[in-house]
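Undergrad: Before we start, here is the structure in question, set down as structure tokens.
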Amino acid sequence: MVTLKGAEVSAKIKEEVQEILGTLSGEAPKLAIIRVGERPDDISYEKGATKKMGNFGLRVQSYVFPADISDTQFKAEFQKINEDPDVTGILMLRPLPKQICEKDIENMIDPEKDLDGISPVNIAKVFAGDRSGFAPCTAEAVMEVLKQNEIEISGKRAVVVGRSMVVGRPLAMLLLKENATVTICHTRTKDLKETCRNAEILCAAAGKAKMLDSEYVGDGAVVIDVGINVDENGKLCGDVDFESLEGHASMATPVPGGVGAVTTAVLAKHLVQAWAKRNN
Ligand code: NDP
């Protein structure tokens with residue numbers, strides 16, 4: 001079984017980013033990371049994204065607000081960042097605290113700066129198969145792993161476990177756009193094991209530690225694990241029991257070191273694409 005390493009995919013995306021950057025003059029594009037509160041997951045994602053932007057030669061600024069900021073105050077601050085001409089793209093860490101209406105923010109964000117595909121405009125484009133917008137970075141990261149490793153998608157049976165608007169659904173649409181025959185599974189799916197076993201490309205985005213083992217994997221399948229979970233020993237793990245795949249899957253992404261490493265590279269790519277669009 002071949003281990004599909006996120007770092008290798010990320011390095012290829014870096015080359016693409018630098019190629020686009022080479023065609024641009026002036027200051028590097030700037031990413032605004034918006035964080036409300038001190039959730040450890042958010043802080044860790046912010047750190048990873050900040051490091052990646054620096055590594056790719058891009059500017060980044062974090063905007064941090066207290067967890068108890070009011071809806072009105074947050075919207076006013078958000079709008080300032082949204083309208084700031086020095087900000088090329090925005091990553092808003094979610095979920096936001098309950099007092100803030102996230103839907104309103106999704107409607108407010110400038111689709112041209114919406115690097116993680118949360119605005120209705122970008123979501124509609126993903127569902128319409130229109131590539132001119134920004135898809136959610138994680139969903140696109142899965143596609144990058146497949147494409148950069150030259151894994152055939154067209155005509156393949158792809159199964160996506162998970163139907164969230166952040167990962168499962170947009171990923172299913174991106175696979176469909178590439179002519180895969182796509183099945184989406186969720187908690188009400190009756191024959192999950194059989195359905196997964198029939199997949200030539202199996203994408204796990206359920207958020208359940210090691211829930212898919214070799215019994216869910218057909219011979220020679222490509223397994224992409226989006227899950228980021230903590231196992232019973234407090235160790236980071238995916239939705240897939242990676243060790244059990246040997247002798248079953250042909251290729252698989254590990255956790256950590258798989259899709260997660262590619263997500264921030266896609267964010268960087270979206271940032272330079274936003275910059276290029278604005279300056280063309
Ligand atoms: P959600 O909890 O929003 O969605 C999980 C989905 O999986 C739901 O559609 C749910 O079904 C389905 N599901 C859960 N349990 C089962 C089960 N036992 N059988 C079948 N389907 C199941 O999670 P997200 O989509 O936000 O995230 C999914 C995973 O991806 C998480 O581990 C998260 O940490 C990770 N993630 C990784 C990122 C990365 O960069 N690598 C970025 C974002 C997320 P139903 O709709 O019926 O409830």
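Chain lettering (A, B, ...) mirrors the order of the structure tokens, residue numbering begins at 1 for each chain separately, and ligand numbering begins at 1 in order of display.
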Report as a ChimeraX atom specification which protein, DNA and RNA residues come within 6 Å of ligand 1, using only C-alpha atoms and all ligand atoms.
TA: /A:138,161-164,166-168,185-188,205-208,226-229,259-260,263
Undergrad: Could you build a table of the residues in range 54-88 of chain A lying no more than 10 Å from range 103-117 of chain A, giving for each the nearest pair of atoms and their separation in Å rounded to one decimal place, using only C-alpha atoms, ordered by chain and ascending residue number, as a tab-separated table?
TA:
residue	atom	partner	partner_atom	distance
A:Asp71	CA	A:Asp104	CA	9.8
A:Phe74	CA	A:Ile105	CA	9.5
A:Lys75	CA	A:Ile105	CA	7.3
A:Phe78	CA	A:Ile105	CA	8.1
A:Gln79	CA	A:Met108	CA	7.7
A:Ile81	CA	A:Ile109	CA	9.6
A:Asn82	CA	A:Ile109	CA	6.4
A:Glu83	CA	A:Asp110	CA	8.2
A:Val87	CA	A:Lys113	CA	8.1
A:Thr88	CA	A:Lys113	CA	6.1
Undergrad: Go ahead and save the picked residues with N, CA and C atoms, as a PDB file, in the first residue's frame.
TA:
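File result23.pdb, as written:
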ATOM      1  N   ASP A  71     -23.010  40.459  18.649  1.00  0.00           N
ATOM      2  CA  ASP A  71     -23.277  40.251  17.229  1.00  0.00           C
ATOM      3  C   ASP A  71     -23.029  41.551  16.442  1.00  0.00           C
ATOM      4  N   PHE A  74     -19.270  42.496  16.383  1.00  0.00           N
ATOM      5  CA  PHE A  74     -18.487  41.610  15.514  1.00  0.00           C
ATOM      6  C   PHE A  74     -18.752  41.938  14.047  1.00  0.00           C
ATOM      7  N   LYS A  75     -20.010  42.156  13.722  1.00  0.00           N
ATOM      8  CA  LYS A  75     -20.339  42.447  12.320  1.00  0.00           C
ATOM      9  C   LYS A  75     -19.647  43.728  11.856  1.00  0.00           C
ATOM     10  N   PHE A  78     -16.050  42.865  11.375  1.00  0.00           N
ATOM     11  CA  PHE A  78     -15.931  41.985  10.214  1.00  0.00           C
ATOM     12  C   PHE A  78     -15.999  42.805   8.923  1.00  0.00           C
ATOM     13  N   GLN A  79     -16.937  43.745   8.900  1.00  0.00           N
ATOM     14  CA  GLN A  79     -17.123  44.549   7.691  1.00  0.00           C
ATOM     15  C   GLN A  79     -15.878  45.383   7.370  1.00  0.00           C
ATOM     16  N   ILE A  81     -12.793  44.572   7.972  1.00  0.00           N
ATOM     17  CA  ILE A  81     -11.787  43.667   7.371  1.00  0.00           C
ATOM     18  C   ILE A  81     -12.218  43.315   5.940  1.00  0.00           C
ATOM     19  N   ASN A  82     -13.505  43.058   5.787  1.00  0.00           N
ATOM     20  CA  ASN A  82     -14.086  42.680   4.492  1.00  0.00           C
ATOM     21  C   ASN A  82     -13.847  43.773   3.438  1.00  0.00           C
ATOM     22  N   GLU A  83     -13.866  45.024   3.894  1.00  0.00           N
ATOM     23  CA  GLU A  83     -13.736  46.158   2.957  1.00  0.00           C
ATOM     24  C   GLU A  83     -12.307  46.681   2.846  1.00  0.00           C
ATOM     25  N   VAL A  87      -6.524  43.717   2.464  1.00  0.00           N
ATOM     26  CA  VAL A  87      -6.832  42.305   2.735  1.00  0.00           C
ATOM     27  C   VAL A  87      -7.263  41.629   1.424  1.00  0.00           C
ATOM     28  N   THR A  88      -6.481  40.635   1.012  1.00  0.00           N
ATOM     29  CA  THR A  88      -6.796  39.947  -0.247  1.00  0.00           C
ATOM     30  C   THR A  88      -7.825  38.848  -0.034  1.00  0.00           C
TER      31      THR A  88
END
Undergrad: Sorted by chain and rising residue number, which residues of range 126-205 of chain A lie within 8 Å of range 7-10 of chain A, and what are their closest atom pairs and distances in Å to one decimal, counting only C-alpha atoms, as JSON lines?
TA:
{"residue": "A:Glu144", "atom": "CA", "partner": "A:Val9", "partner_atom": "CA", "distance": 7.1}
{"residue": "A:Val145", "atom": "CA", "partner": "A:Val9", "partner_atom": "CA", "distance": 6.2}
{"residue": "A:Gln148", "atom": "CA", "partner": "A:Val9", "partner_atom": "CA", "distance": 6.2}
{"residue": "A:Asn149", "atom": "CA", "partner": "A:Val9", "partner_atom": "CA", "distance": 7.8}
Undergrad: Write out as number ranges by chain each polymer residue whose atoms come within 10 Å of range 135-137 of chain A, counting only C-alpha atoms; drop sequence neighbours fewer than 3 positions from it.
TA: A: 114-119, 122-127, 130-132, 140-143, 165-167, 170-171, 173-174, 260, 262-270
Undergrad: Let's see if you can do this: from backbone DSSP, list all alpha helix (DSSP H) residues in range 72-252 of chain A, as a short mmCIF file (atom, residue, chain, number, x, y, z; two decimals) with N, CA, C and O atoms, in the first residue's frame.
TA:
data_model
loop_
_atom_site.label_atom_id
_atom_site.label_comp_id
_atom_site.auth_asym_id
_atom_site.auth_seq_id
_atom_site.Cartn_x
_atom_site.Cartn_y
_atom_site.Cartn_z
N THR A 72 -23.56 42.66 16.96
CA THR A 72 -23.43 43.95 16.28
C THR A 72 -21.97 44.38 16.18
O THR A 72 -21.49 44.80 15.12
N GLN A 73 -21.26 44.23 17.31
CA GLN A 73 -19.85 44.64 17.33
C GLN A 73 -19.03 43.80 16.36
O GLN A 73 -18.20 44.32 15.61
N PHE A 74 -19.27 42.50 16.38
CA PHE A 74 -18.49 41.61 15.51
C PHE A 74 -18.75 41.94 14.05
O PHE A 74 -17.82 42.00 13.24
N LYS A 75 -20.01 42.16 13.72
CA LYS A 75 -20.34 42.45 12.32
C LYS A 75 -19.65 43.73 11.86
O LYS A 75 -19.17 43.82 10.72
N ALA A 76 -19.59 44.73 12.75
CA ALA A 76 -18.92 45.99 12.39
C ALA A 76 -17.43 45.75 12.14
O ALA A 76 -16.86 46.23 11.15
N GLU A 77 -16.82 44.95 13.01
CA GLU A 77 -15.38 44.65 12.86
C GLU A 77 -15.16 43.80 11.60
O GLU A 77 -14.20 44.02 10.85
N PHE A 78 -16.05 42.86 11.37
CA PHE A 78 -15.93 41.99 10.21
C PHE A 78 -16.00 42.80 8.92
O PHE A 78 -15.21 42.62 7.99
N GLN A 79 -16.94 43.74 8.90
CA GLN A 79 -17.12 44.55 7.69
C GLN A 79 -15.88 45.38 7.37
O GLN A 79 -15.52 45.55 6.21
N LYS A 80 -15.21 45.87 8.43
CA LYS A 80 -13.98 46.66 8.23
C LYS A 80 -12.93 45.80 7.50
O LYS A 80 -12.28 46.26 6.57
N ILE A 81 -12.79 44.57 7.97
CA ILE A 81 -11.79 43.67 7.37
C ILE A 81 -12.22 43.31 5.94
O ILE A 81 -11.42 43.32 5.00
N ASN A 82 -13.50 43.06 5.79
CA ASN A 82 -14.09 42.68 4.49
C ASN A 82 -13.85 43.77 3.44
O ASN A 82 -13.62 43.48 2.27
N GLU A 83 -13.87 45.02 3.89
CA GLU A 83 -13.74 46.16 2.96
C GLU A 83 -12.31 46.68 2.85
O GLU A 83 -12.03 47.54 2.01
N GLU A 102 -24.01 33.33 12.29
CA GLU A 102 -23.03 32.92 11.29
C GLU A 102 -23.58 33.07 9.86
O GLU A 102 -22.85 33.44 8.94
N LYS A 103 -24.87 32.82 9.71
CA LYS A 103 -25.51 32.95 8.38
C LYS A 103 -25.33 34.35 7.83
O LYS A 103 -25.06 34.55 6.64
N ASP A 104 -25.50 35.36 8.72
CA ASP A 104 -25.34 36.75 8.28
C ASP A 104 -23.92 37.00 7.77
O ASP A 104 -23.71 37.69 6.78
N ILE A 105 -22.95 36.42 8.47
CA ILE A 105 -21.55 36.61 8.06
C ILE A 105 -21.31 35.93 6.71
O ILE A 105 -20.62 36.47 5.84
N GLU A 106 -21.89 34.75 6.54
CA GLU A 106 -21.75 34.05 5.25
C GLU A 106 -22.30 34.92 4.11
O GLU A 106 -21.77 34.93 3.01
N ASN A 107 -23.38 35.65 4.41
CA ASN A 107 -23.98 36.52 3.39
C ASN A 107 -23.18 37.81 3.20
O ASN A 107 -23.21 38.41 2.14
N MET A 108 -22.49 38.23 4.26
CA MET A 108 -21.72 39.48 4.19
C MET A 108 -20.38 39.34 3.47
O MET A 108 -19.93 40.26 2.81
N PRO A 120 -22.85 32.13 -0.02
CA PRO A 120 -23.81 31.43 -0.89
C PRO A 120 -23.38 31.44 -2.36
O PRO A 120 -23.63 30.47 -3.08
N VAL A 121 -22.69 32.49 -2.77
CA VAL A 121 -22.23 32.57 -4.17
C VAL A 121 -21.24 31.45 -4.47
O VAL A 121 -21.37 30.72 -5.46
N ASN A 122 -20.26 31.29 -3.58
CA ASN A 122 -19.26 30.24 -3.82
C ASN A 122 -19.83 28.84 -3.67
O ASN A 122 -19.48 27.93 -4.42
N ILE A 123 -20.74 28.68 -2.70
CA ILE A 123 -21.37 27.36 -2.53
C ILE A 123 -22.16 27.00 -3.79
O ILE A 123 -22.04 25.89 -4.32
N ALA A 124 -22.92 27.96 -4.29
CA ALA A 124 -23.73 27.70 -5.50
C ALA A 124 -22.82 27.31 -6.67
O ALA A 124 -23.15 26.41 -7.44
N LYS A 125 -21.68 27.99 -6.78
CA LYS A 125 -20.77 27.67 -7.88
C LYS A 125 -20.25 26.24 -7.76
O LYS A 125 -20.16 25.52 -8.76
N VAL A 126 -19.90 25.81 -6.55
CA VAL A 126 -19.41 24.44 -6.36
C VAL A 126 -20.49 23.45 -6.79
O VAL A 126 -20.23 22.49 -7.50
N PHE A 127 -21.73 23.74 -6.38
CA PHE A 127 -22.83 22.81 -6.70
C PHE A 127 -23.21 22.87 -8.18
O PHE A 127 -23.76 21.91 -8.71
N ALA A 128 -22.91 23.98 -8.84
CA ALA A 128 -23.22 24.09 -10.27
C ALA A 128 -22.06 23.59 -11.14
O ALA A 128 -22.14 23.60 -12.36
N CYS A 137 -11.70 24.72 1.41
CA CYS A 137 -10.31 24.27 1.23
C CYS A 137 -10.11 22.78 1.47
O CYS A 137 -9.36 22.12 0.75
N THR A 138 -10.79 22.22 2.49
CA THR A 138 -10.58 20.80 2.79
C THR A 138 -11.09 19.91 1.67
O THR A 138 -10.44 18.94 1.28
N ALA A 139 -12.29 20.24 1.16
CA ALA A 139 -12.84 19.45 0.05
C ALA A 139 -11.89 19.51 -1.15
O ALA A 139 -11.60 18.49 -1.78
N GLU A 140 -11.38 20.70 -1.41
CA GLU A 140 -10.47 20.83 -2.55
C GLU A 140 -9.13 20.13 -2.29
O GLU A 140 -8.49 19.63 -3.22
N ALA A 141 -8.74 20.10 -1.01
CA ALA A 141 -7.48 19.43 -0.66
C ALA A 141 -7.55 17.94 -1.05
O ALA A 141 -6.57 17.37 -1.52
N VAL A 142 -8.71 17.34 -0.86
CA VAL A 142 -8.88 15.93 -1.25
C VAL A 142 -8.66 15.78 -2.76
O VAL A 142 -7.96 14.88 -3.22
N MET A 143 -9.23 16.72 -3.52
CA MET A 143 -9.08 16.66 -4.98
C MET A 143 -7.61 16.83 -5.37
O MET A 143 -7.12 16.20 -6.30
N GLU A 144 -6.91 17.70 -4.65
CA GLU A 144 -5.47 17.91 -4.93
C GLU A 144 -4.68 16.64 -4.66
O GLU A 144 -3.79 16.29 -5.42
N VAL A 145 -5.03 15.95 -3.57
CA VAL A 145 -4.32 14.70 -3.25
C VAL A 145 -4.51 13.71 -4.41
O VAL A 145 -3.56 13.07 -4.86
N LEU A 146 -5.75 13.63 -4.90
CA LEU A 146 -6.02 12.69 -6.00
C LEU A 146 -5.30 13.12 -7.28
O LEU A 146 -4.62 12.32 -7.93
N LYS A 147 -5.41 14.40 -7.60
CA LYS A 147 -4.85 14.88 -8.88
C LYS A 147 -3.33 14.85 -8.88
O LYS A 147 -2.72 14.41 -9.84
N GLN A 148 -2.73 15.36 -7.81
CA GLN A 148 -1.25 15.43 -7.78
C GLN A 148 -0.64 14.03 -7.76
O GLN A 148 0.51 13.86 -8.13
N GLY A 168 -18.15 16.97 3.33
CA GLY A 168 -18.79 15.90 2.57
C GLY A 168 -19.50 16.35 1.31
O GLY A 168 -19.22 15.86 0.21
N ARG A 169 -20.44 17.28 1.47
CA ARG A 169 -21.23 17.69 0.28
C ARG A 169 -20.39 18.36 -0.81
O ARG A 169 -20.48 17.95 -1.97
N PRO A 170 -19.59 19.39 -0.45
CA PRO A 170 -18.80 20.00 -1.53
C PRO A 170 -17.83 19.00 -2.17
O PRO A 170 -17.62 19.03 -3.38
N LEU A 171 -17.27 18.10 -1.36
CA LEU A 171 -16.35 17.11 -1.92
C LEU A 171 -17.08 16.22 -2.94
O LEU A 171 -16.56 15.94 -4.02
N ALA A 172 -18.29 15.81 -2.58
CA ALA A 172 -19.08 14.99 -3.50
C ALA A 172 -19.29 15.73 -4.83
O ALA A 172 -19.19 15.15 -5.91
N MET A 173 -19.55 17.04 -4.73
CA MET A 173 -19.77 17.83 -5.96
C MET A 173 -18.49 17.97 -6.78
O MET A 173 -18.53 17.93 -8.01
N LEU A 174 -17.36 18.13 -6.11
CA LEU A 174 -16.08 18.25 -6.84
C LEU A 174 -15.75 16.93 -7.53
O LEU A 174 -15.25 16.92 -8.66
N LEU A 175 -16.04 15.82 -6.87
CA LEU A 175 -15.79 14.51 -7.49
C LEU A 175 -16.71 14.30 -8.69
O LEU A 175 -16.30 13.79 -9.73
N LEU A 176 -17.97 14.74 -8.52
CA LEU A 176 -18.94 14.63 -9.61
C LEU A 176 -18.50 15.46 -10.82
O LEU A 176 -18.59 15.02 -11.97
N LYS A 177 -17.98 16.65 -10.53
CA LYS A 177 -17.49 17.52 -11.60
C LYS A 177 -16.39 16.83 -12.41
O LYS A 177 -16.24 17.05 -13.61
N LEU A 192 -23.77 0.70 5.12
CA LEU A 192 -22.53 1.47 5.02
C LEU A 192 -21.32 0.62 4.61
O LEU A 192 -20.57 0.99 3.71
N LYS A 193 -21.19 -0.53 5.26
CA LYS A 193 -20.02 -1.37 4.99
C LYS A 193 -19.98 -1.80 3.52
O LYS A 193 -18.96 -1.65 2.84
N GLU A 194 -21.10 -2.29 3.03
CA GLU A 194 -21.16 -2.76 1.64
C GLU A 194 -20.93 -1.60 0.67
O GLU A 194 -20.22 -1.75 -0.32
N THR A 195 -21.55 -0.48 0.97
CA THR A 195 -21.40 0.68 0.08
C THR A 195 -19.94 1.12 0.02
O THR A 195 -19.40 1.37 -1.05
N CYS A 196 -19.31 1.20 1.18
CA CYS A 196 -17.90 1.62 1.21
C CYS A 196 -17.02 0.61 0.50
O CYS A 196 -16.10 0.97 -0.24
N ARG A 197 -17.32 -0.66 0.71
CA ARG A 197 -16.49 -1.72 0.13
C ARG A 197 -16.55 -1.70 -1.40
O ARG A 197 -15.64 -2.16 -2.07
#
Undergrad: Among the residues of range 1-205 of chain A, find those DSSP assigns to strand (DSSP E) from the backbone and print them as a PyMOL selection string.
TA: chain A and resi 2-3+30-36+59-65+89-92+157-161+181-185+201-204
Undergrad: Write the selection just made, keeping C-alpha atoms, as a PDB file, in the first residue's frame?
TA:
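Here's the written file result-v9.pdb:
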ATOM      1  CA  VAL A   2       1.294   3.413  -0.973  1.00  0.00           C
ATOM      2  CA  THR A   3       1.083   6.162   1.644  1.00  0.00           C
ATOM      3  CA  LYS A  30      -2.487  39.201   2.504  1.00  0.00           C
ATOM      4  CA  LEU A  31      -4.625  36.668   4.346  1.00  0.00           C
ATOM      5  CA  ALA A  32      -6.812  37.851   7.230  1.00  0.00           C
ATOM      6  CA  ILE A  33      -7.493  35.117   9.778  1.00  0.00           C
ATOM      7  CA  ILE A  34     -10.484  35.965  11.947  1.00  0.00           C
ATOM      8  CA  ARG A  35     -10.742  34.202  15.287  1.00  0.00           C
ATOM      9  CA  VAL A  36     -13.359  34.735  17.989  1.00  0.00           C
ATOM     10  CA  ARG A  59       1.408  37.920   4.231  1.00  0.00           C
ATOM     11  CA  VAL A  60      -0.959  37.017   7.048  1.00  0.00           C
ATOM     12  CA  GLN A  61      -2.626  38.934   9.867  1.00  0.00           C
ATOM     13  CA  SER A  62      -4.757  37.494  12.657  1.00  0.00           C
ATOM     14  CA  TYR A  63      -7.744  39.434  13.941  1.00  0.00           C
ATOM     15  CA  VAL A  64      -8.721  38.078  17.349  1.00  0.00           C
ATOM     16  CA  PHE A  65     -11.926  39.043  19.154  1.00  0.00           C
ATOM     17  CA  GLY A  89      -8.596  37.029   1.356  1.00  0.00           C
ATOM     18  CA  ILE A  90     -10.325  35.979   4.557  1.00  0.00           C
ATOM     19  CA  LEU A  91     -10.337  32.800   6.615  1.00  0.00           C
ATOM     20  CA  MET A  92     -12.913  32.890   9.394  1.00  0.00           C
ATOM     21  CA  ARG A 157     -17.069   4.771  -8.048  1.00  0.00           C
ATOM     22  CA  ALA A 158     -16.429   7.321  -5.297  1.00  0.00           C
ATOM     23  CA  VAL A 159     -18.003   7.078  -1.854  1.00  0.00           C
ATOM     24  CA  VAL A 160     -17.983  10.019   0.544  1.00  0.00           C
ATOM     25  CA  VAL A 161     -18.806   9.271   4.179  1.00  0.00           C
ATOM     26  CA  THR A 181     -20.027   8.202  -9.883  1.00  0.00           C
ATOM     27  CA  VAL A 182     -20.619   9.514  -6.387  1.00  0.00           C
ATOM     28  CA  THR A 183     -22.443   8.052  -3.385  1.00  0.00           C
ATOM     29  CA  ILE A 184     -22.834  10.106  -0.204  1.00  0.00           C
ATOM     30  CA  CYS A 185     -23.194   8.233   3.105  1.00  0.00           C
ATOM     31  CA  ILE A 201     -12.184   5.952  -4.132  1.00  0.00           C
ATOM     32  CA  LEU A 202     -13.311   6.062  -0.495  1.00  0.00           C
ATOM     33  CA  CYS A 203     -13.324   9.445   1.243  1.00  0.00           C
ATOM     34  CA  ALA A 204     -13.922   9.468   4.995  1.00  0.00           C
TER      35      ALA A 204
END
Undergrad: Of the candidates A:Ile13, A:Leu4, A:Leu24, A:Val255, which one gets nearest to Asn280 in chain A if we count only C-alpha atoms?
TA: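 Among the listed residues, the smallest separation from Asn280 in chain A belongs to A:Leu24.
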Undergrad: In Å to one decimal, how far is CA of Leu212 in chain A from CA of Lys156 in chain A?
TA: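 Distance reported for this atom pair: 20.0 Å.
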Undergrad: Skipping near chain neighbours, those fewer than 6 positions away, what residues fall within 7 Å of His248 in chain A using only C-alpha atoms, listed as a list in words?
TA: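 Residues near the query, excluding close chain neighbours: Ser214, Val217, Gly218, Asp219 and Gly220 of chain A.
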Undergrad: Taking only C-alpha atoms into account, which of A:Ser154, A:Gln273, A:Ser25, A:Gln18 comes nearest Asn179 in chain A?
TA: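 Answer, going by the shortest atom-to-atom distance: A:Ser154.
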Undergrad: Can you work out which one of A:Gly22, A:Lys51, A:Trp275, A:Pro254 has the shortest atom-to-atom distance to Leu236 in chain A, counting only C-alpha atoms?
TA: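 Closest candidate: A:Pro254.
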